[in-house]
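Engineer: Before anything else, here's the structure in question.
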Amino acid sequence: MSAMATPDKTSTAATAPATPGRGPGRRRNGHSGTPVRGLLPLIALLGLWQLAGSPDSPYYPPPSEWFAATRPLVENGTLLPALGWSALTFLLGLIIATFLGASLGILVGASRVADRALGPGLEFLRVLPAASLVPVAALILGYTMEMKLAIVVLPATWPILLTCRSARRSLSPVLLDVPRTLGLSRKERLTKVVLPAMTRPVLLGIRVSAPLALIIALLVEIVTRINGLGALLGAAQANFESAQVYGLLLIAGVLGYAVNWLVTLLEDVVSARMGTATG
Amino acid sequence: MPVHADQKSAAVPSFTCENLQVTLVGAAGANVILDGIDLTVARGEFVSVLGPSGSGKTTLLRVLGGLQEKSGGTVRSADAPVEGPPADVVTVFQDYSHSLLPWRSVRRNVALGIESKLTKPECAERVAEALTMVGLQESADEYPWRLSGGMQQRVQIARALAMRPSVLLMDEPFGALDAMTKASLQDQLQRVQELTGTTVVFVTHDIEEAVYLSHRVLVLEGRPAHVGLDLAIGLPSPRDQITTKESPEYLALRHRVYEAMGHGKRHA
Ligand SMILES: Nc1ncnc2c1ncn2[C@@H]1O[C@H](COP(=O)(O)OP(=O)(O)OP(=O)(O)O)[C@@H](O)[C@H]1O
Ligand SMILES: [Mg+2]
């Protein structure tokens, strides 16, 4: 019953290391080297600042002063909860934005009618500056966590929504016929074909959305002083604690860097598992 | 492999179309693509569909496969009207690179249609059997994007075979392959079809391929298209790439199909 194999150009022996499934693959090495090396100039700059700066300067205190000024926040137990609140706002906001953006994007991209009808409206909402929403959101929701979230979610949704929309629109029609001819249910078509095909565009969107969500989260905290790293920053600035401002800024920078690194890592792992893109 | 198709009443054809009409809506408005198609495909029959590019071969196949709505007439698969893809009819697409899921291994691509309907061991057995039929058992854990075009198309055929369909609809399955791979896959398909008694509707551009493989060749012609030629191919089976293609019967049949396609008349 076994049939003859065709004379194909690809020998299976050459491609034999078929580690079933996972394995982040080779590309990761290229990335893991960069986080430290890429930061060297910045570290050198901070060192220079330390050497050249005067501890009494009201605007440019050297890094050693930053740590001294920030330490009380750690000791009186305000920094850690603040970091927690900011991280929570950011993460929750990004997760909600991902769900919202992906599902709306896929829905809109799936229907030519919806795409035409909603396109301009989406474009308008996309260019609406997030900061301008603070007064409206504060008016409706008050100075609450929900308000913070609402303002983070909205701008973070667009990049994901738009990449998903165009990816869904350009999804090969053949890929959608496959599960139908194989008799898959509606649910299976979504979970086994459409959603996996959308993983890359979602990640692409998250790559843009994640830094945006962090910026907006901190910005809202600075403006509204609702608990979080941004609120501490705002307070430090209002009290002319310039060394503390720099210290908190550094922490915010590290946070941003970590977020970016995590997203890149996630993308690499997914790329290795998904192979070359479809469509 | 059990011959499922023949267990049902052989009198019920796999497909019956009466006065079938199909209209597609394009950028320039609605277009009648197929009109007045009358067609019967018997169980276990291998029917090829030829026709100029853009004549509606793919459209006809999609209607038979329940992937495209008709605008008039009737289409029946076995004895039920076609509304959506019938359970035992599977389409193999021309565009194999987009019809395999790149995030699934070959094994899991082949399992796609059966994994939720069978137990794990049953499913594994069927997948292994289907991969053996197309000679790909060694590549089961490979990913499709690391395979050659011919191998990818064989994965798609294995995925269809794993469903044990009573009808295979194939849209230029070997169109993008080199001559060697093509000949080899033709013979594999011929063997599998004889073994399983599966009905095959086979769209192709290649007149020689159509005559070589089929029990019957249809040629679409006109705009909107109708069945211009319906020619029985009475060549003995199993067929052979060399001896069959050298036989006078084969050459005569090939001649008739070429004529029906509008070739050779200009010089006459
Ligand atoms: N989605 C569509 N919407 C509107 N018109 C379409 C669509 N797909 C195909 N057509 C038109 O229908 C006609 C038949 O197309 P079809 O793909 O069935 O031809 P074909 O015989 O398979 O051609 P080929 O041999 O090139 O594959 C063509 O004229 C084409 O322009
Ligand atoms: Mg076609």
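In the structure tokens, chains take the letters A, B, ... in the order shown, each chain's residues start at 1, and ligands count up from 1 in the order shown.
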Give the residues of chain B that lie within 7 Å of chain A; count only C-alpha atoms, and format the answer as a VMD selection string.
Structural biologist: chain B and resid 85 87 90 to 91 98 to 99 102 to 103 113 132 to 135 139 141 to 142 145 147 to 148 181 184 188
Engineer: Can I get the residues close to ligand 1 as a ChimeraX atom specification, where close means within 6 Å and we count only C-alpha atoms and all ligand atoms?
Structural biologist: /B:24-26,33,53-59
Engineer: Could the residues in this selection be written to a file with all heavy atoms, as a PDB file, in the first residue's frame?
Structural biologist:
ATOM      1  N   LEU B  24     -20.923  35.380 -10.161  1.00  0.00           N
ATOM      2  CA  LEU B  24     -19.977  35.943  -9.201  1.00  0.00           C
ATOM      3  C   LEU B  24     -20.036  37.458  -9.291  1.00  0.00           C
ATOM      4  O   LEU B  24     -20.196  38.014 -10.379  1.00  0.00           O
ATOM      5  CB  LEU B  24     -18.551  35.480  -9.495  1.00  0.00           C
ATOM      6  CG  LEU B  24     -18.246  34.000  -9.301  1.00  0.00           C
ATOM      7  CD1 LEU B  24     -16.794  33.716  -9.645  1.00  0.00           C
ATOM      8  CD2 LEU B  24     -18.542  33.569  -7.876  1.00  0.00           C
ATOM      9  N   VAL B  25     -19.932  38.117  -8.148  1.00  0.00           N
ATOM     10  CA  VAL B  25     -19.954  39.572  -8.126  1.00  0.00           C
ATOM     11  C   VAL B  25     -18.514  40.070  -8.023  1.00  0.00           C
ATOM     12  O   VAL B  25     -17.836  39.859  -7.039  1.00  0.00           O
ATOM     13  CB  VAL B  25     -20.796  40.095  -6.948  1.00  0.00           C
ATOM     14  CG1 VAL B  25     -20.863  41.615  -6.985  1.00  0.00           C
ATOM     15  CG2 VAL B  25     -22.182  39.492  -6.992  1.00  0.00           C
ATOM     16  N   GLY B  26     -18.057  40.707  -9.091  1.00  0.00           N
ATOM     17  CA  GLY B  26     -16.707  41.253  -9.102  1.00  0.00           C
ATOM     18  C   GLY B  26     -16.750  42.766  -9.039  1.00  0.00           C
ATOM     19  O   GLY B  26     -17.798  43.360  -8.767  1.00  0.00           O
ATOM     20  N   ILE B  33     -20.945  33.281 -14.660  1.00  0.00           N
ATOM     21  CA  ILE B  33     -19.718  32.545 -15.011  1.00  0.00           C
ATOM     22  C   ILE B  33     -20.059  31.198 -15.626  1.00  0.00           C
ATOM     23  O   ILE B  33     -19.483  30.798 -16.642  1.00  0.00           O
ATOM     24  CB  ILE B  33     -18.842  32.315 -13.751  1.00  0.00           C
ATOM     25  CG1 ILE B  33     -18.561  33.645 -13.039  1.00  0.00           C
ATOM     26  CG2 ILE B  33     -17.547  31.623 -14.120  1.00  0.00           C
ATOM     27  CD1 ILE B  33     -17.768  34.639 -13.817  1.00  0.00           C
ATOM     28  N   SER B  53      -8.234  29.413 -19.478  1.00  0.00           N
ATOM     29  CA  SER B  53      -8.069  30.144 -18.226  1.00  0.00           C
ATOM     30  C   SER B  53      -9.217  31.133 -18.040  1.00  0.00           C
ATOM     31  O   SER B  53      -9.614  31.817 -18.979  1.00  0.00           O
ATOM     32  CB  SER B  53      -6.734  30.879 -18.236  1.00  0.00           C
ATOM     33  OG  SER B  53      -6.565  31.544 -17.020  1.00  0.00           O
ATOM     34  N   GLY B  54      -9.779  31.169 -16.872  1.00  0.00           N
ATOM     35  CA  GLY B  54     -10.879  32.086 -16.584  1.00  0.00           C
ATOM     36  C   GLY B  54     -12.233  31.580 -17.042  1.00  0.00           C
ATOM     37  O   GLY B  54     -13.220  32.301 -16.987  1.00  0.00           O
ATOM     38  N   SER B  55     -12.298  30.314 -17.475  1.00  0.00           N
ATOM     39  CA  SER B  55     -13.573  29.815 -17.985  1.00  0.00           C
ATOM     40  C   SER B  55     -14.506  29.386 -16.860  1.00  0.00           C
ATOM     41  O   SER B  55     -15.709  29.243 -17.094  1.00  0.00           O
ATOM     42  CB  SER B  55     -13.324  28.643 -18.939  1.00  0.00           C
ATOM     43  OG  SER B  55     -12.612  27.630 -18.273  1.00  0.00           O
ATOM     44  N   GLY B  56     -13.984  29.171 -15.663  1.00  0.00           N
ATOM     45  CA  GLY B  56     -14.873  28.823 -14.555  1.00  0.00           C
ATOM     46  C   GLY B  56     -14.664  27.436 -13.981  1.00  0.00           C
ATOM     47  O   GLY B  56     -15.536  26.903 -13.300  1.00  0.00           O
ATOM     48  N   LYS B  57     -13.502  26.853 -14.227  1.00  0.00           N
ATOM     49  CA  LYS B  57     -13.219  25.502 -13.700  1.00  0.00           C
ATOM     50  C   LYS B  57     -13.172  25.515 -12.179  1.00  0.00           C
ATOM     51  O   LYS B  57     -13.806  24.690 -11.524  1.00  0.00           O
ATOM     52  CB  LYS B  57     -11.869  25.000 -14.256  1.00  0.00           C
ATOM     53  CG  LYS B  57     -11.795  24.997 -15.765  1.00  0.00           C
ATOM     54  CD  LYS B  57     -10.474  24.425 -16.258  1.00  0.00           C
ATOM     55  CE  LYS B  57      -9.278  25.308 -15.938  1.00  0.00           C
ATOM     56  NZ  LYS B  57      -9.293  26.590 -16.641  1.00  0.00           N
ATOM     57  N   THR B  58     -12.425  26.464 -11.641  1.00  0.00           N
ATOM     58  CA  THR B  58     -12.334  26.577 -10.188  1.00  0.00           C
ATOM     59  C   THR B  58     -13.704  26.850  -9.592  1.00  0.00           C
ATOM     60  O   THR B  58     -14.089  26.273  -8.572  1.00  0.00           O
ATOM     61  CB  THR B  58     -11.349  27.706  -9.808  1.00  0.00           C
ATOM     62  OG1 THR B  58     -10.059  27.362 -10.287  1.00  0.00           O
ATOM     63  CG2 THR B  58     -11.296  27.916  -8.314  1.00  0.00           C
ATOM     64  N   THR B  59     -14.461  27.722 -10.261  1.00  0.00           N
ATOM     65  CA  THR B  59     -15.796  28.059  -9.775  1.00  0.00           C
ATOM     66  C   THR B  59     -16.679  26.819  -9.720  1.00  0.00           C
ATOM     67  O   THR B  59     -17.367  26.582  -8.718  1.00  0.00           O
ATOM     68  CB  THR B  59     -16.424  29.125 -10.692  1.00  0.00           C
ATOM     69  OG1 THR B  59     -15.504  30.206 -10.829  1.00  0.00           O
ATOM     70  CG2 THR B  59     -17.731  29.631 -10.131  1.00  0.00           C
TER      71      THR B  59
END
Engineer: Output as a count of residues only all residues of stretch 76-149 of chain A that backbone DSSP marks as alpha helix (DSSP H).
Structural biologist: 61
Engineer: May I have the residues within 10 Å of A:Leu92 as a short mmCIF file (atom, residue, chain, number, x, y, z; two decimals) with N, CA, C and O atoms, in the first residue's frame, using only C-alpha atoms and disregarding those fewer than 6 positions away in the same chain?
Structural biologist:
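Listing of part-v5.cif after writing:
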data_model
loop_
_atom_site.label_atom_id
_atom_site.label_comp_id
_atom_site.auth_asym_id
_atom_site.auth_seq_id
_atom_site.Cartn_x
_atom_site.Cartn_y
_atom_site.Cartn_z
N SER A 86 1.48 50.94 39.00
CA SER A 86 1.78 51.30 37.62
C SER A 86 1.83 50.06 36.73
O SER A 86 1.27 50.04 35.63
N THR A 98 -5.43 44.36 24.07
CA THR A 98 -5.15 43.26 23.14
C THR A 98 -6.43 42.52 22.77
O THR A 98 -6.70 42.27 21.59
N LEU A 149 -7.35 53.08 33.70
CA LEU A 149 -7.39 51.98 32.74
C LEU A 149 -8.01 52.42 31.43
O LEU A 149 -7.48 52.15 30.35
N VAL A 152 -5.63 54.32 29.37
CA VAL A 152 -4.54 53.50 28.83
C VAL A 152 -5.06 52.61 27.69
O VAL A 152 -4.41 52.45 26.66
N VAL A 153 -6.24 52.03 27.92
CA VAL A 153 -6.76 51.05 26.96
C VAL A 153 -6.99 51.68 25.59
O VAL A 153 -6.62 51.11 24.56
N ALA A 213 1.29 52.16 26.02
CA ALA A 213 0.49 51.94 27.22
C ALA A 213 1.26 52.38 28.46
O ALA A 213 0.69 52.99 29.38
#
Engineer: Counting only C-alpha atoms and all ligand atoms, what residues are within 12 Å of ligand 2, given as a compact mmCIF listing (two decimals) with C-alpha atoms, in the first residue's frame?
Structural biologist:
# COMPACT_ATOMS: atom_id res chain seq x y z
CA VAL B 49 -12.40 19.30 -16.17
CA LEU B 50 -10.50 21.29 -18.80
CA GLY B 51 -11.13 24.73 -20.23
CA PRO B 52 -9.39 27.99 -21.06
CA SER B 53 -8.07 30.14 -18.23
CA GLY B 54 -10.88 32.09 -16.58
CA SER B 55 -13.57 29.81 -17.99
CA GLY B 56 -14.87 28.82 -14.55
CA LYS B 57 -13.22 25.50 -13.70
CA THR B 58 -12.33 26.58 -10.19
CA THR B 59 -15.80 28.06 -9.78
CA LEU B 60 -17.43 24.76 -10.79
CA LEU B 61 -15.25 22.85 -8.34
CA ARG B 62 -16.06 25.27 -5.54
CA PHE B 93 -6.53 23.42 -3.43
CA GLN B 94 -4.13 24.55 -6.10
CA ASP B 95 -2.44 26.98 -3.74
CA MET B 170 -8.77 18.63 -6.92
CA ASP B 171 -8.00 22.05 -8.40
CA GLU B 172 -4.88 21.88 -10.57
CA PRO B 173 -3.13 19.97 -7.80
CA GLY B 175 -0.01 22.66 -11.77
CA PHE B 202 -9.87 16.88 -11.27
CA VAL B 203 -9.39 20.38 -12.69
CA THR B 204 -6.32 20.82 -14.86
CA HIS B 205 -4.76 22.86 -17.65
Engineer: Excluding same-chain residues fewer than 3 positions from stretch 251-260 of chain A, what lies within 9 Å of it counting only C-alpha atoms, as a list of chain:residue names?
Structural biologist: A:Pro35, A:Ala87, A:Arg207, A:Ala210, A:Pro211, A:Leu214, A:Ile215, A:Leu218, A:Leu229, A:Gly230, A:Tyr246, A:Gly247, A:Leu248, A:Val263, A:Thr264, A:Leu265
Engineer: Store the residues picked out above in a file with N, CA, C and O atoms, as a PDB file, in the first residue's frame.
Structural biologist:
ATOM      1  N   PRO A  35      20.995  43.576  25.184  1.00  0.00           N
ATOM      2  CA  PRO A  35      20.518  44.408  26.291  1.00  0.00           C
ATOM      3  C   PRO A  35      21.650  45.085  27.048  1.00  0.00           C
ATOM      4  O   PRO A  35      21.577  46.271  27.358  1.00  0.00           O
ATOM      5  N   ALA A  87       2.530  49.022  37.245  1.00  0.00           N
ATOM      6  CA  ALA A  87       2.651  47.794  36.461  1.00  0.00           C
ATOM      7  C   ALA A  87       1.279  47.180  36.228  1.00  0.00           C
ATOM      8  O   ALA A  87       0.970  46.715  35.129  1.00  0.00           O
ATOM      9  N   ARG A 207       3.769  45.225  20.048  1.00  0.00           N
ATOM     10  CA  ARG A 207       5.094  45.842  20.023  1.00  0.00           C
ATOM     11  C   ARG A 207       4.984  47.369  20.009  1.00  0.00           C
ATOM     12  O   ARG A 207       5.787  48.066  20.617  1.00  0.00           O
ATOM     13  N   ALA A 210       2.664  48.383  23.576  1.00  0.00           N
ATOM     14  CA  ALA A 210       3.208  48.226  24.929  1.00  0.00           C
ATOM     15  C   ALA A 210       3.909  49.498  25.427  1.00  0.00           C
ATOM     16  O   ALA A 210       3.567  50.003  26.496  1.00  0.00           O
ATOM     17  N   PRO A 211       4.853  50.036  24.657  1.00  0.00           N
ATOM     18  CA  PRO A 211       5.488  51.274  25.136  1.00  0.00           C
ATOM     19  C   PRO A 211       4.478  52.407  25.277  1.00  0.00           C
ATOM     20  O   PRO A 211       4.547  53.195  26.231  1.00  0.00           O
ATOM     21  N   LEU A 214       2.551  52.099  28.482  1.00  0.00           N
ATOM     22  CA  LEU A 214       3.359  52.478  29.642  1.00  0.00           C
ATOM     23  C   LEU A 214       3.445  53.998  29.760  1.00  0.00           C
ATOM     24  O   LEU A 214       3.264  54.578  30.843  1.00  0.00           O
ATOM     25  N   ILE A 215       3.698  54.646  28.627  1.00  0.00           N
ATOM     26  CA  ILE A 215       3.799  56.102  28.628  1.00  0.00           C
ATOM     27  C   ILE A 215       2.495  56.723  29.121  1.00  0.00           C
ATOM     28  O   ILE A 215       2.491  57.597  29.990  1.00  0.00           O
ATOM     29  N   LEU A 218       1.878  56.240  32.898  1.00  0.00           N
ATOM     30  CA  LEU A 218       2.653  57.162  33.734  1.00  0.00           C
ATOM     31  C   LEU A 218       2.123  58.588  33.604  1.00  0.00           C
ATOM     32  O   LEU A 218       2.005  59.325  34.583  1.00  0.00           O
ATOM     33  N   LEU A 229       3.784  55.063  39.967  1.00  0.00           N
ATOM     34  CA  LEU A 229       5.099  55.659  39.803  1.00  0.00           C
ATOM     35  C   LEU A 229       4.981  57.096  39.292  1.00  0.00           C
ATOM     36  O   LEU A 229       5.691  58.006  39.736  1.00  0.00           O
ATOM     37  N   GLY A 230       4.045  57.305  38.376  1.00  0.00           N
ATOM     38  CA  GLY A 230       3.826  58.630  37.814  1.00  0.00           C
ATOM     39  C   GLY A 230       3.394  59.616  38.883  1.00  0.00           C
ATOM     40  O   GLY A 230       3.833  60.779  38.900  1.00  0.00           O
ATOM     41  N   TYR A 246      14.942  62.485  39.087  1.00  0.00           N
ATOM     42  CA  TYR A 246      15.849  61.710  38.232  1.00  0.00           C
ATOM     43  C   TYR A 246      15.843  60.241  38.612  1.00  0.00           C
ATOM     44  O   TYR A 246      15.834  59.357  37.757  1.00  0.00           O
ATOM     45  N   GLY A 247      15.843  59.975  39.909  1.00  0.00           N
ATOM     46  CA  GLY A 247      15.841  58.595  40.379  1.00  0.00           C
ATOM     47  C   GLY A 247      14.619  57.849  39.869  1.00  0.00           C
ATOM     48  O   GLY A 247      14.721  56.738  39.328  1.00  0.00           O
ATOM     49  N   LEU A 248      13.447  58.490  39.997  1.00  0.00           N
ATOM     50  CA  LEU A 248      12.204  57.855  39.549  1.00  0.00           C
ATOM     51  C   LEU A 248      12.189  57.709  38.031  1.00  0.00           C
ATOM     52  O   LEU A 248      11.690  56.724  37.493  1.00  0.00           O
ATOM     53  N   VAL A 263       8.718  41.996  25.115  1.00  0.00           N
ATOM     54  CA  VAL A 263       7.933  41.880  23.884  1.00  0.00           C
ATOM     55  C   VAL A 263       8.776  41.260  22.771  1.00  0.00           C
ATOM     56  O   VAL A 263       8.319  40.378  22.042  1.00  0.00           O
ATOM     57  N   THR A 264      10.041  41.704  22.667  1.00  0.00           N
ATOM     58  CA  THR A 264      10.926  41.149  21.648  1.00  0.00           C
ATOM     59  C   THR A 264      11.131  39.658  21.860  1.00  0.00           C
ATOM     60  O   THR A 264      11.093  38.860  20.924  1.00  0.00           O
ATOM     61  N   LEU A 265      11.329  39.290  23.129  1.00  0.00           N
ATOM     62  CA  LEU A 265      11.528  37.889  23.476  1.00  0.00           C
ATOM     63  C   LEU A 265      10.312  37.066  23.054  1.00  0.00           C
ATOM     64  O   LEU A 265      10.425  36.019  22.422  1.00  0.00           O
TER      65      LEU A 265
END
Engineer: Excluding same-chain residues fewer than 6 positions from stretch 155-161 of chain A, what lies within 7 Å of it counting only C-alpha atoms, as a ChimeraX atom specification?
Structural biologist: /A:94,97-98,100-102,104-105,126,130,202,205-206,208-209,212-213
Engineer: Let's have the selection written as an mmCIF file, in the first residue's frame, with all heavy atoms.
Structural biologist:
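Just written: result-v6.cif:
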data_model
loop_
_atom_site.group_PDB
_atom_site.id
_atom_site.type_symbol
_atom_site.label_atom_id
_atom_site.label_comp_id
_atom_site.auth_asym_id
_atom_site.auth_seq_id
_atom_site.Cartn_x
_atom_site.Cartn_y
_atom_site.Cartn_z
ATOM 1 N N LEU A 94 -2.954 46.779 28.839
ATOM 2 C CA LEU A 94 -2.462 46.145 27.621
ATOM 3 C C LEU A 94 -3.260 44.883 27.296
ATOM 4 O O LEU A 94 -3.591 44.616 26.132
ATOM 5 C CB LEU A 94 -0.981 45.810 27.784
ATOM 6 C CG LEU A 94 -0.256 45.399 26.507
ATOM 7 C CD1 LEU A 94 -0.286 46.535 25.497
ATOM 8 C CD2 LEU A 94 1.169 45.004 26.805
ATOM 9 N N ALA A 97 -6.598 45.933 26.021
ATOM 10 C CA ALA A 97 -6.415 46.498 24.682
ATOM 11 C C ALA A 97 -6.175 45.393 23.661
ATOM 12 O O ALA A 97 -6.652 45.471 22.522
ATOM 13 C CB ALA A 97 -5.247 47.477 24.680
ATOM 14 N N THR A 98 -5.430 44.360 24.069
ATOM 15 C CA THR A 98 -5.145 43.264 23.142
ATOM 16 C C THR A 98 -6.427 42.524 22.772
ATOM 17 O O THR A 98 -6.698 42.272 21.593
ATOM 18 C CB THR A 98 -4.133 42.281 23.766
ATOM 19 O OG1 THR A 98 -2.963 43.010 24.123
ATOM 20 C CG2 THR A 98 -3.769 41.183 22.784
ATOM 21 N N LEU A 100 -9.528 43.598 23.057
ATOM 22 C CA LEU A 100 -10.429 44.502 22.354
ATOM 23 C C LEU A 100 -9.945 44.725 20.918
ATOM 24 O O LEU A 100 -10.703 44.586 19.957
ATOM 25 C CB LEU A 100 -10.432 45.833 23.109
ATOM 26 C CG LEU A 100 -11.747 46.561 23.218
ATOM 27 C CD1 LEU A 100 -12.737 45.709 23.980
ATOM 28 C CD2 LEU A 100 -11.538 47.898 23.929
ATOM 29 N N GLY A 101 -8.664 45.060 20.791
ATOM 30 C CA GLY A 101 -8.088 45.376 19.483
ATOM 31 C C GLY A 101 -8.140 44.181 18.557
ATOM 32 O O GLY A 101 -8.531 44.296 17.396
ATOM 33 N N ALA A 102 -7.761 43.002 19.070
ATOM 34 C CA ALA A 102 -7.726 41.809 18.228
ATOM 35 C C ALA A 102 -9.132 41.434 17.788
ATOM 36 O O ALA A 102 -9.383 41.203 16.601
ATOM 37 C CB ALA A 102 -7.061 40.655 18.964
ATOM 38 N N LEU A 104 -11.982 43.241 17.722
ATOM 39 C CA LEU A 104 -12.587 44.241 16.829
ATOM 40 C C LEU A 104 -11.889 44.246 15.474
ATOM 41 O O LEU A 104 -12.537 44.297 14.426
ATOM 42 C CB LEU A 104 -12.503 45.633 17.459
ATOM 43 C CG LEU A 104 -13.492 45.908 18.584
ATOM 44 C CD1 LEU A 104 -13.250 47.278 19.191
ATOM 45 C CD2 LEU A 104 -14.921 45.811 18.057
ATOM 46 N N GLY A 105 -10.555 44.178 15.495
ATOM 47 C CA GLY A 105 -9.796 44.192 14.248
ATOM 48 C C GLY A 105 -10.171 43.028 13.356
ATOM 49 O O GLY A 105 -10.371 43.191 12.151
ATOM 50 N N ARG A 126 -8.224 57.034 16.181
ATOM 51 C CA ARG A 126 -6.822 56.672 16.325
ATOM 52 C C ARG A 126 -5.947 57.910 16.534
ATOM 53 O O ARG A 126 -5.013 57.897 17.322
ATOM 54 C CB ARG A 126 -6.360 55.914 15.088
ATOM 55 C CG ARG A 126 -4.945 55.395 15.171
ATOM 56 C CD ARG A 126 -4.604 54.603 13.935
ATOM 57 N NE ARG A 126 -4.517 55.451 12.765
ATOM 58 C CZ ARG A 126 -3.405 56.040 12.358
ATOM 59 N NH1 ARG A 126 -2.302 55.858 13.034
ATOM 60 N NH2 ARG A 126 -3.398 56.793 11.290
ATOM 61 N N ALA A 130 -4.366 60.782 23.292
ATOM 62 C CA ALA A 130 -4.846 60.102 24.486
ATOM 63 C C ALA A 130 -4.974 61.057 25.672
ATOM 64 O O ALA A 130 -5.914 60.972 26.451
ATOM 65 C CB ALA A 130 -3.913 58.954 24.833
ATOM 66 N N VAL A 202 -1.040 40.335 15.958
ATOM 67 C CA VAL A 202 -1.321 40.785 17.323
ATOM 68 C C VAL A 202 -0.012 41.193 18.003
ATOM 69 O O VAL A 202 0.084 42.259 18.611
ATOM 70 C CB VAL A 202 -2.033 39.685 18.140
ATOM 71 C CG1 VAL A 202 -2.034 40.029 19.617
ATOM 72 C CG2 VAL A 202 -3.460 39.507 17.651
ATOM 73 N N GLY A 205 1.252 44.412 16.748
ATOM 74 C CA GLY A 205 0.510 45.503 17.354
ATOM 75 C C GLY A 205 0.957 45.751 18.785
ATOM 76 O O GLY A 205 1.155 46.892 19.193
ATOM 77 N N ILE A 206 1.154 44.673 19.534
ATOM 78 C CA ILE A 206 1.573 44.809 20.934
ATOM 79 C C ILE A 206 2.921 45.502 21.014
ATOM 80 O O ILE A 206 3.182 46.305 21.908
ATOM 81 C CB ILE A 206 1.639 43.417 21.613
ATOM 82 C CG1 ILE A 206 0.224 42.891 21.843
ATOM 83 C CG2 ILE A 206 2.386 43.498 22.939
ATOM 84 C CD1 ILE A 206 0.167 41.550 22.518
ATOM 85 N N VAL A 208 3.986 47.860 19.284
ATOM 86 C CA VAL A 208 3.767 49.308 19.253
ATOM 87 C C VAL A 208 2.975 49.751 20.485
ATOM 88 O O VAL A 208 3.241 50.799 21.069
ATOM 89 C CB VAL A 208 3.004 49.701 17.957
ATOM 90 C CG1 VAL A 208 2.762 51.193 17.906
ATOM 91 C CG2 VAL A 208 3.759 49.229 16.738
ATOM 92 N N SER A 209 2.010 48.938 20.885
ATOM 93 C CA SER A 209 1.097 49.318 21.961
ATOM 94 C C SER A 209 1.757 49.324 23.334
ATOM 95 O O SER A 209 1.443 50.171 24.170
ATOM 96 C CB SER A 209 -0.095 48.357 22.017
ATOM 97 O OG SER A 209 -0.977 48.643 20.975
ATOM 98 N N LEU A 212 3.526 52.438 24.349
ATOM 99 C CA LEU A 212 2.493 53.476 24.383
ATOM 100 C C LEU A 212 1.680 53.374 25.673
ATOM 101 O O LEU A 212 1.423 54.376 26.356
ATOM 102 C CB LEU A 212 1.584 53.283 23.167
ATOM 103 C CG LEU A 212 0.782 54.462 22.691
ATOM 104 C CD1 LEU A 212 1.737 55.549 22.203
ATOM 105 C CD2 LEU A 212 -0.151 54.042 21.563
ATOM 106 N N ALA A 213 1.295 52.158 26.017
ATOM 107 C CA ALA A 213 0.490 51.942 27.223
ATOM 108 C C ALA A 213 1.258 52.381 28.464
ATOM 109 O O ALA A 213 0.688 52.993 29.378
ATOM 110 C CB ALA A 213 0.099 50.467 27.331
#
Engineer: When you count only C-alpha atoms, which of these residues is closest to B:Ala252: B:Glu208, B:Asp240, B:Glu18, B:Glu45?
Structural biologist: B:Glu208
Engineer: For the strand (DSSP E or B) assignment from backbone DSSP, which residues of stretch 8-135 of chain B qualify? Please present them as a ChimeraX atom specification.
Structural biologist: /B:15-26,29-41,46-50,72-77,80-81,89-92
Engineer: Need the shell around B:Leu118: protein/DNA/RNA residues with any atom at most 12 Å away, counting only C-alpha atoms. Skip same-chain ones fewer than 6 positions apart. Format as JSON, numbers by chain?
Structural biologist: {"B": [111, 112, 124, 125, 126, 127, 162, 163]}
Engineer: Go ahead and save the picked residues with C-alpha atoms, as a short mmCIF file (atom, residue, chain, number, x, y, z; two decimals), in the first residue's frame.
Structural biologist:
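Saved to part_29.cif:
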data_model
loop_
_atom_site.label_atom_id
_atom_site.label_comp_id
_atom_site.auth_asym_id
_atom_site.auth_seq_id
_atom_site.Cartn_x
_atom_site.Cartn_y
_atom_site.Cartn_z
CA ALA B 111 -4.73 15.49 11.45
CA LEU B 112 -6.58 18.81 11.13
CA ALA B 124 -2.54 8.77 14.74
CA GLU B 125 -3.16 5.60 12.77
CA ARG B 126 -5.09 7.39 10.05
CA VAL B 127 -2.45 10.10 9.77
CA ALA B 162 -7.02 11.05 6.06
CA MET B 163 -10.67 12.13 5.99
#
